[in-house]
>>> print(open('target.csv').read())   # CSV, C-alpha atoms
chain,number,residue,atom,x,y,z
A,1068,MET,CA,171.5,-21.2,127.3
A,1069,LYS,CA,169.8,-19.3,130.1
A,1070,ARG,CA,170.7,-16.0,128.4
A,1071,ILE,CA,169.1,-17.1,125.1
A,1072,LEU,CA,165.9,-18.2,126.9
A,1073,PHE,CA,165.8,-14.8,128.7
A,1074,LEU,CA,166.1,-12.9,125.4
A,1075,LEU,CA,163.4,-15.0,123.8
A,1076,ALA,CA,161.0,-14.4,126.7
A,1077,THR,CA,161.7,-10.7,126.7
A,1078,THR,CA,161.0,-10.4,123.0
A,1079,ALA,CA,157.8,-12.3,123.3
A,1080,ALA,CA,156.6,-10.1,126.2
A,1081,VAL,CA,157.4,-6.9,124.2
A,1082,ALA,CA,155.5,-8.3,121.1
A,1083,LEU,CA,152.5,-9.2,123.2
A,1084,ALA,CA,152.4,-5.8,124.9
A,1085,SER,CA,152.6,-4.0,121.5
A,1086,THR,CA,149.8,-6.1,120.1
A,1087,ALA,CA,147.6,-5.4,123.1
A,1088,VAL,CA,148.2,-1.6,122.7
A,1089,HIS,CA,147.5,-1.7,119.0
A,1090,ALA,CA,144.3,-3.7,119.7
A,1091,ALA,CA,143.3,-1.2,122.3
A,1092,ASP,CA,143.8,1.6,119.8
A,1093,LEU,CA,141.6,-0.1,117.2
A,1094,ALA,CA,138.9,-0.7,119.8
A,1095,ALA,CA,139.0,2.9,120.8
A,1096,LYS,CA,138.7,4.1,117.2
A,1097,ALA,CA,135.9,1.7,116.5
A,1098,TYR,CA,133.9,3.1,119.4
A,1099,MET,CA,134.4,6.8,118.8
A,1100,PRO,CA,131.1,8.8,119.1
A,1101,PRO,CA,129.6,10.1,115.9
A,1102,PRO,CA,130.0,13.8,115.0
A,1103,PRO,CA,127.1,16.1,116.1
A,1104,PRO,CA,124.3,16.5,113.6
A,1105,PRO,CA,124.3,19.7,111.4
A,1106,PRO,CA,122.1,22.6,112.6
A,1107,ALA,CA,118.4,22.3,111.5
A,1108,PRO,CA,117.6,24.2,108.3
A,1109,SER,CA,116.0,27.6,108.9
A,1110,TRP,CA,114.4,30.1,106.6
A,1111,THR,CA,114.5,32.9,109.2
A,1112,GLY,CA,116.3,36.0,108.1
A,1113,PHE,CA,116.7,38.9,105.7
A,1114,TYR,CA,117.2,38.3,102.0
A,1115,LEU,CA,117.8,40.4,98.8
A,1116,GLY,CA,117.3,39.3,95.2
A,1117,ILE,CA,116.6,40.0,91.5
A,1118,ASN,CA,113.8,38.9,89.3
A,1119,GLY,CA,112.4,39.1,85.8
A,1120,GLY,CA,109.3,37.9,83.9
A,1121,PHE,CA,106.5,38.5,81.5
A,1122,GLY,CA,103.1,40.1,82.0
A,1123,GLY,CA,100.0,41.3,80.3
A,1124,ASP,CA,96.2,41.6,80.4
A,1125,ARG,CA,93.6,44.1,79.0
A,1126,ASN,CA,93.7,47.9,79.6
A,1127,GLN,CA,90.1,49.1,80.0
A,1128,TYR,CA,88.9,52.6,79.0
A,1129,PRO,CA,85.5,53.4,80.5
A,1130,PHE,CA,84.0,56.5,78.8
A,1131,THR,CA,80.9,58.7,78.8
A,1132,VAL,CA,79.7,61.0,76.1
A,1133,GLY,CA,76.6,62.9,77.1
A,1134,GLY,CA,74.3,60.2,78.5
A,1135,ILE,CA,76.0,57.4,76.7
A,1136,ALA,CA,78.5,55.1,78.6
A,1137,GLY,CA,80.7,52.3,77.4
A,1138,THR,CA,84.1,50.6,77.8
A,1139,SER,CA,86.8,50.0,75.2
A,1140,THR,CA,89.7,47.5,75.8
A,1141,LEU,CA,93.2,46.9,74.5
A,1142,ASN,CA,95.3,43.8,75.0
A,1143,SER,CA,98.7,44.5,76.6
A,1144,SER,CA,101.9,42.4,77.0
A,1145,GLY,CA,105.6,42.8,77.6
A,1146,PHE,CA,108.6,42.1,79.9
A,1147,PHE,CA,109.7,43.4,83.2
A,1148,GLY,CA,112.7,43.1,85.6
A,1149,GLY,CA,113.9,44.4,88.9
A,1150,GLY,CA,114.7,43.4,92.5
A,1151,GLN,CA,113.2,42.5,95.8
A,1152,VAL,CA,114.0,42.6,99.5
A,1153,GLY,CA,112.3,40.8,102.4
A,1154,TYR,CA,112.3,39.0,105.7
A,1155,ASN,CA,111.2,35.5,106.6
A,1156,TRP,CA,110.3,34.0,110.0
A,1157,GLN,CA,110.0,30.2,110.3
A,1158,PHE,CA,107.7,28.8,113.0
A,1159,ALA,CA,105.6,25.8,114.0
A,1160,PRO,CA,108.1,24.3,112.6
A,1161,ALA,CA,107.1,23.9,108.9
A,1162,TRP,CA,105.4,27.3,108.4
A,1163,VAL,CA,107.1,30.5,107.2
A,1164,ALA,CA,105.7,34.0,107.3
A,1165,GLY,CA,107.3,37.2,106.1
A,1166,VAL,CA,107.1,40.4,104.2
A,1167,GLU,CA,108.5,41.3,100.8
A,1168,ALA,CA,108.8,44.5,98.8
A,1169,ASP,CA,109.8,44.6,95.1
A,1170,ILE,CA,110.0,47.1,92.3
A,1171,ASP,CA,110.4,46.4,88.5
A,1172,ASP,CA,111.0,48.4,85.4
A,1173,ALA,CA,108.5,47.4,82.8
A,1174,ASP,CA,107.6,47.6,79.1
A,1175,ILE,CA,104.1,46.2,79.2
A,1176,GLN,CA,101.9,48.0,76.7
A,1177,GLY,CA,99.0,47.8,74.3
A,1178,MET,CA,99.4,50.4,71.5
A,1179,PRO,CA,97.5,49.5,68.3
A,1180,SER,CA,97.7,51.7,65.2
A,1181,THR,CA,95.5,52.2,62.2
A,1182,THR,CA,96.6,53.4,58.8
A,1183,VAL,CA,94.4,54.5,55.9
A,1184,PRO,CA,95.4,56.3,52.7
A,1185,GLY,CA,96.6,59.7,53.7
A,1186,ALA,CA,96.2,59.2,57.5
A,1187,SER,CA,97.2,57.1,60.5
A,1188,ALA,CA,96.4,57.0,64.2
A,1189,SER,CA,97.5,55.1,67.4
A,1190,PHE,CA,96.3,55.0,71.0
A,1191,GLY,CA,97.3,53.0,74.0
A,1192,THR,CA,98.9,52.7,77.4
A,1193,ARG,CA,102.3,51.6,78.6
A,1194,LEU,CA,103.0,50.4,82.1
A,1195,ASP,CA,106.4,52.0,82.8
A,1196,TRP,CA,107.2,50.5,86.2
A,1197,PHE,CA,105.4,48.9,89.1
A,1198,GLY,CA,106.1,47.6,92.6
A,1199,THR,CA,104.4,45.8,95.5
A,1200,VAL,CA,104.6,45.5,99.3
A,1201,ARG,CA,103.2,42.1,100.3
A,1202,GLY,CA,102.8,39.7,103.1
A,1203,ARG,CA,103.8,36.0,102.5
A,1204,VAL,CA,102.7,32.9,104.3
A,1205,GLY,CA,103.9,29.5,103.2
A,1206,TYR,CA,104.4,25.8,104.1
A,1207,LEU,CA,107.6,23.8,103.8
A,1208,VAL,CA,106.6,20.8,101.6
A,1209,THR,CA,110.3,19.7,102.1
A,1210,PRO,CA,112.9,21.4,104.3
A,1211,ASN,CA,114.2,23.2,101.2
A,1212,ALA,CA,110.9,23.9,99.3
A,1213,LEU,CA,108.5,26.6,100.4
A,1214,LEU,CA,105.1,26.8,98.8
A,1215,TYR,CA,103.4,30.2,99.7
A,1216,GLY,CA,100.6,32.6,99.1
A,1217,THR,CA,101.1,36.4,99.0
A,1218,GLY,CA,99.2,39.6,98.7
A,1219,GLY,CA,99.2,43.3,99.5
A,1220,TRP,CA,99.6,46.8,98.1
A,1221,ALA,CA,100.6,47.5,94.5
A,1222,TYR,CA,101.6,50.8,92.9
A,1223,GLY,CA,103.0,51.9,89.5
A,1224,HIS,CA,103.1,54.5,86.7
A,1225,THR,CA,101.4,54.4,83.3
A,1226,THR,CA,101.7,56.5,80.2
A,1227,SER,CA,98.7,56.8,77.9
A,1228,SER,CA,99.2,58.5,74.6
A,1229,ALA,CA,97.4,59.1,71.3
A,1230,SER,CA,98.7,60.4,68.0
A,1231,ALA,CA,97.3,61.1,64.5
A,1232,THR,CA,98.6,62.3,61.2
A,1233,ALA,CA,96.5,63.4,58.2
A,1234,ALA,CA,97.1,65.7,55.2
A,1235,GLY,CA,100.6,66.3,56.3
A,1236,LEU,CA,99.6,67.5,59.8
A,1237,ALA,CA,100.4,65.6,63.0
A,1238,ALA,CA,99.0,65.9,66.5
A,1239,GLY,CA,99.6,63.9,69.7
A,1240,VAL,CA,99.0,63.9,73.5
A,1241,SER,CA,100.6,61.9,76.3
A,1242,VAL,CA,99.3,61.6,79.9
A,1243,GLY,CA,101.4,60.0,82.7
A,1244,LYS,CA,99.7,58.8,85.9
A,1245,ASP,CA,100.8,57.4,89.2
A,1246,MET,CA,98.4,54.5,90.2
A,1247,ASN,CA,97.7,52.5,93.4
A,1248,GLY,CA,95.9,49.2,93.9
A,1249,TRP,CA,96.3,45.7,95.2
A,1250,THR,CA,98.0,42.4,94.3
A,1251,ALA,CA,97.7,38.7,95.1
A,1252,GLY,CA,99.3,35.5,94.0
A,1253,ALA,CA,101.3,32.4,94.9
A,1254,GLY,CA,104.8,31.0,94.4
A,1255,LEU,CA,107.4,28.3,95.1
A,1256,GLU,CA,110.8,29.0,96.5
A,1257,TYR,CA,113.6,26.4,96.7
A,1258,ALA,CA,116.8,26.7,98.8
A,1259,LEU,CA,119.7,25.7,96.6
A,1260,THR,CA,122.3,26.2,99.3
A,1261,ARG,CA,122.3,27.6,102.9
A,1262,TRP,CA,122.4,31.2,101.4
A,1263,LEU,CA,121.0,31.0,97.9
A,1264,SER,CA,117.4,30.2,96.7
A,1265,PHE,CA,115.5,30.2,93.4
A,1266,LYS,CA,111.8,31.2,93.1
A,1267,THR,CA,108.9,31.3,90.6
A,1268,GLU,CA,105.9,33.4,91.3
A,1269,TYR,CA,102.5,34.4,89.8
A,1270,LEU,CA,100.9,37.8,90.7
A,1271,PHE,CA,97.7,39.5,89.6
A,1272,VAL,CA,98.3,43.3,89.8
A,1273,ASP,CA,95.3,45.7,89.9
A,1274,LEU,CA,96.4,49.3,89.8
A,1275,GLY,CA,92.9,50.7,89.9
A,1276,SER,CA,91.4,53.5,87.7
A,1277,THR,CA,92.4,57.0,86.8
A,1278,THR,CA,90.8,59.8,84.7
A,1279,LEU,CA,92.7,60.6,81.5
A,1280,ALA,CA,90.4,63.4,80.3
A,1281,SER,CA,87.1,65.0,81.1
A,1282,GLY,CA,85.3,68.2,80.2
A,1283,VAL,CA,82.7,69.6,77.9
A,1284,ALA,CA,83.0,69.7,74.1
A,1285,ALA,CA,80.4,71.6,72.0
A,1286,GLY,CA,78.1,71.6,75.1
A,1287,VAL,CA,78.4,67.8,75.6
A,1288,PRO,CA,80.1,66.5,78.8
A,1289,PHE,CA,82.5,63.7,78.3
A,1290,SER,CA,85.0,61.7,80.3
A,1291,LEU,CA,87.7,59.0,79.6
A,1292,ASN,CA,89.2,56.8,82.3
A,1293,GLU,CA,91.8,54.1,82.3
A,1294,LYS,CA,91.9,50.9,84.4
A,1295,THR,CA,95.1,48.9,84.4
A,1296,THR,CA,95.4,45.2,85.4
A,1297,VAL,CA,98.3,42.8,84.7
A,1298,HIS,CA,98.9,39.1,85.1
A,1299,THR,CA,102.6,38.5,85.8
A,1300,VAL,CA,104.8,35.4,85.9
A,1301,LYS,CA,108.4,35.8,87.2
A,1302,ALA,CA,111.5,33.9,88.2
A,1303,GLY,CA,114.1,35.2,90.7
A,1304,ILE,CA,117.1,34.5,92.8
A,1305,ASN,CA,117.4,35.4,96.5
A,1306,VAL,CA,120.5,35.7,98.7
A,1307,LYS,CA,119.8,35.1,102.4
A,1308,PHE,CA,121.8,36.9,105.1
A,1309,SER,CA,122.9,35.5,108.4
A,1310,SER,CA,120.4,35.8,111.3
A,1311,TRP,CA,119.5,34.4,114.7
A,1312,GLY,CA,118.0,31.3,113.0
A,1313,GLY,CA,121.3,30.4,111.2
A,1314,GLY,CA,121.5,29.3,107.6
A,1315,TRP,CA,119.6,26.7,105.6
A,1316,GLY,CA,122.0,24.1,106.9
A,1317,LEU,CA,122.9,22.8,103.4
>>> encode(input="target.csv", output="structure tokens")
Amino acid sequence: MKRILFLLATTAAVALASTAVHAADLAAKAYMPPPPPPPAPSWTGFYLGINGGFGGDRNQYPFTVGGIAGTSTLNSSGFFGGGQVGYNWQFAPAWVAGVEADIDDADIQGMPSTTVPGASASFGTRLDWFGTVRGRVGYLVTPNALLYGTGGWAYGHTTSSASATAAGLAAGVSVGKDMNGWTAGAGLEYALTRWLSFKTEYLFVDLGSTTLASGVAAGVPFSLNEKTTVHTVKAGINVKFSSWGGGWGL
């Protein structure tokens, strides 16, 4: 009888000890500290991307013939596409400043033609390519959405040409010009992940004026200039590289 009571007491003690240990384990798990928060999102760092869009405006052709001056205009439009590279610096803490350079191949042109019985003629200008080097300053409306303004230097190349046919004869001339000017605009960039972002952007590009032709014909001095301006709307993708500021934390 004593042996039975001893076995029962031993079993009860072991069960109570096991229950206490299990309860202690549950309590320890219930009070484990939470994991540390993820690093704060940061826009600081280098990035590289591609873009494409549509542009157009009016090509202007100021001219003088003798003492008479005037300006002709042609509407232009077309598509463009290329790439960009830049660097952002986040500060203060919702502001972002940086610099960006881009270059785009383009087919933006105004080239009207006229045809009459026995003759035809065309004249116009094509923007072959253009690029910009710009500063950017923006505000983070959310940690992942950057609203910014931008402006700086613009450059590009245009080809102006004229051709005519009449009575079985044809003649043509083409003039290529490198041009420089300025650009300004605004955009919105959204961080999709810690390394990938999507942006939309508007830029007004003014490439300045250049002389296409000048001289004296039949004793009368003349000149013909070209002024190229383009409104552009584009969309693009940027890939952000690692930097001291870390990723976007997404």
>>> atom_distance(input="target.csv", atom1="atom CA of A:Ile1304", atom2="atom CA of A:Met1246")
27.5 Å
>>> atom_distance(input="target.csv", atom1="atom CA of A:Lys1294", atom2="atom CA of A:Leu1279")
10.2 Å
>>> residues_around(input="target.csv", residues="stretch 1218-1224 of chain A", least_positions_apart="6", cutoff="9 Å", atoms="all atoms listed in the file", output="ChimeraX atom specification")
/A:1170,1193-1203,1243-1253,1270,1272-1274
>>> closest_residue(input="target.csv", among="A:Pro1160, A:Gly1254, A:Gly1149, A:Gly1134", to="A:Val1300", atoms="only C-alpha atoms")
A:Gly1254
>>> closest_residue(input="target.csv", among="A:Glu1268, A:Gly1112, A:Ser1228, A:Thr1217", to="A:Thr1299", atoms="only C-alpha atoms")
A:Glu1268
>>> atom_distance(input="target.csv", atom1="atom CA of A:Leu1115", atom2="atom CA of A:Gln1157")
17.2 Å
>>> closest_residue(input="target.csv", among="A:Tyr1128, A:Phe1271, A:Phe1121, A:Tyr1114", to="A:Gly1191", atoms="all atoms listed in the file")
A:Tyr1128
>>> residues_around(input="target.csv", residues="A:Leu1214", least_positions_apart="3", cutoff="6 Å", atoms="all atoms listed in the file", output="PyMOL selection string")
chain A and resi 1205-1206+1255
>>> closest_residue(input="target.csv", among="A:Ser1227, A:Thr1138, A:Thr1296, A:Ser1109", to="A:Asp1124", atoms="only C-alpha atoms")
A:Thr1296
>>> closest_residue(input="target.csv", among="A:Asn1305, A:Thr1225, A:Thr1209, A:Ser1143", to="A:Ala1161", atoms="all atoms listed in the file")
A:Thr1209
>>> closest_residue(input="target.csv", among="A:Asn1126, A:His1298, A:Trp1262, A:Trp1162", to="A:Thr1226", atoms="all atoms listed in the file")
A:Asn1126
>>> residues_near_point(input="target.csv", point="(91.3, 60.0, 81.1)", cutoff="8 Å", atoms="only C-alpha atoms", output="PDB file with C-alpha atoms, keeping the file's coordinate frame")
ATOM      1  CA  THR A1277      92.400  57.000  86.800  1.00  0.00           C
ATOM      2  CA  THR A1278      90.800  59.800  84.700  1.00  0.00           C
ATOM      3  CA  LEU A1279      92.700  60.600  81.500  1.00  0.00           C
ATOM      4  CA  ALA A1280      90.400  63.400  80.300  1.00  0.00           C
ATOM      5  CA  SER A1281      87.100  65.000  81.100  1.00  0.00           C
ATOM      6  CA  SER A1290      85.000  61.700  80.300  1.00  0.00           C
ATOM      7  CA  LEU A1291      87.700  59.000  79.600  1.00  0.00           C
ATOM      8  CA  ASN A1292      89.200  56.800  82.300  1.00  0.00           C
ATOM      9  CA  GLU A1293      91.800  54.100  82.300  1.00  0.00           C
TER      10      GLU A1293
END
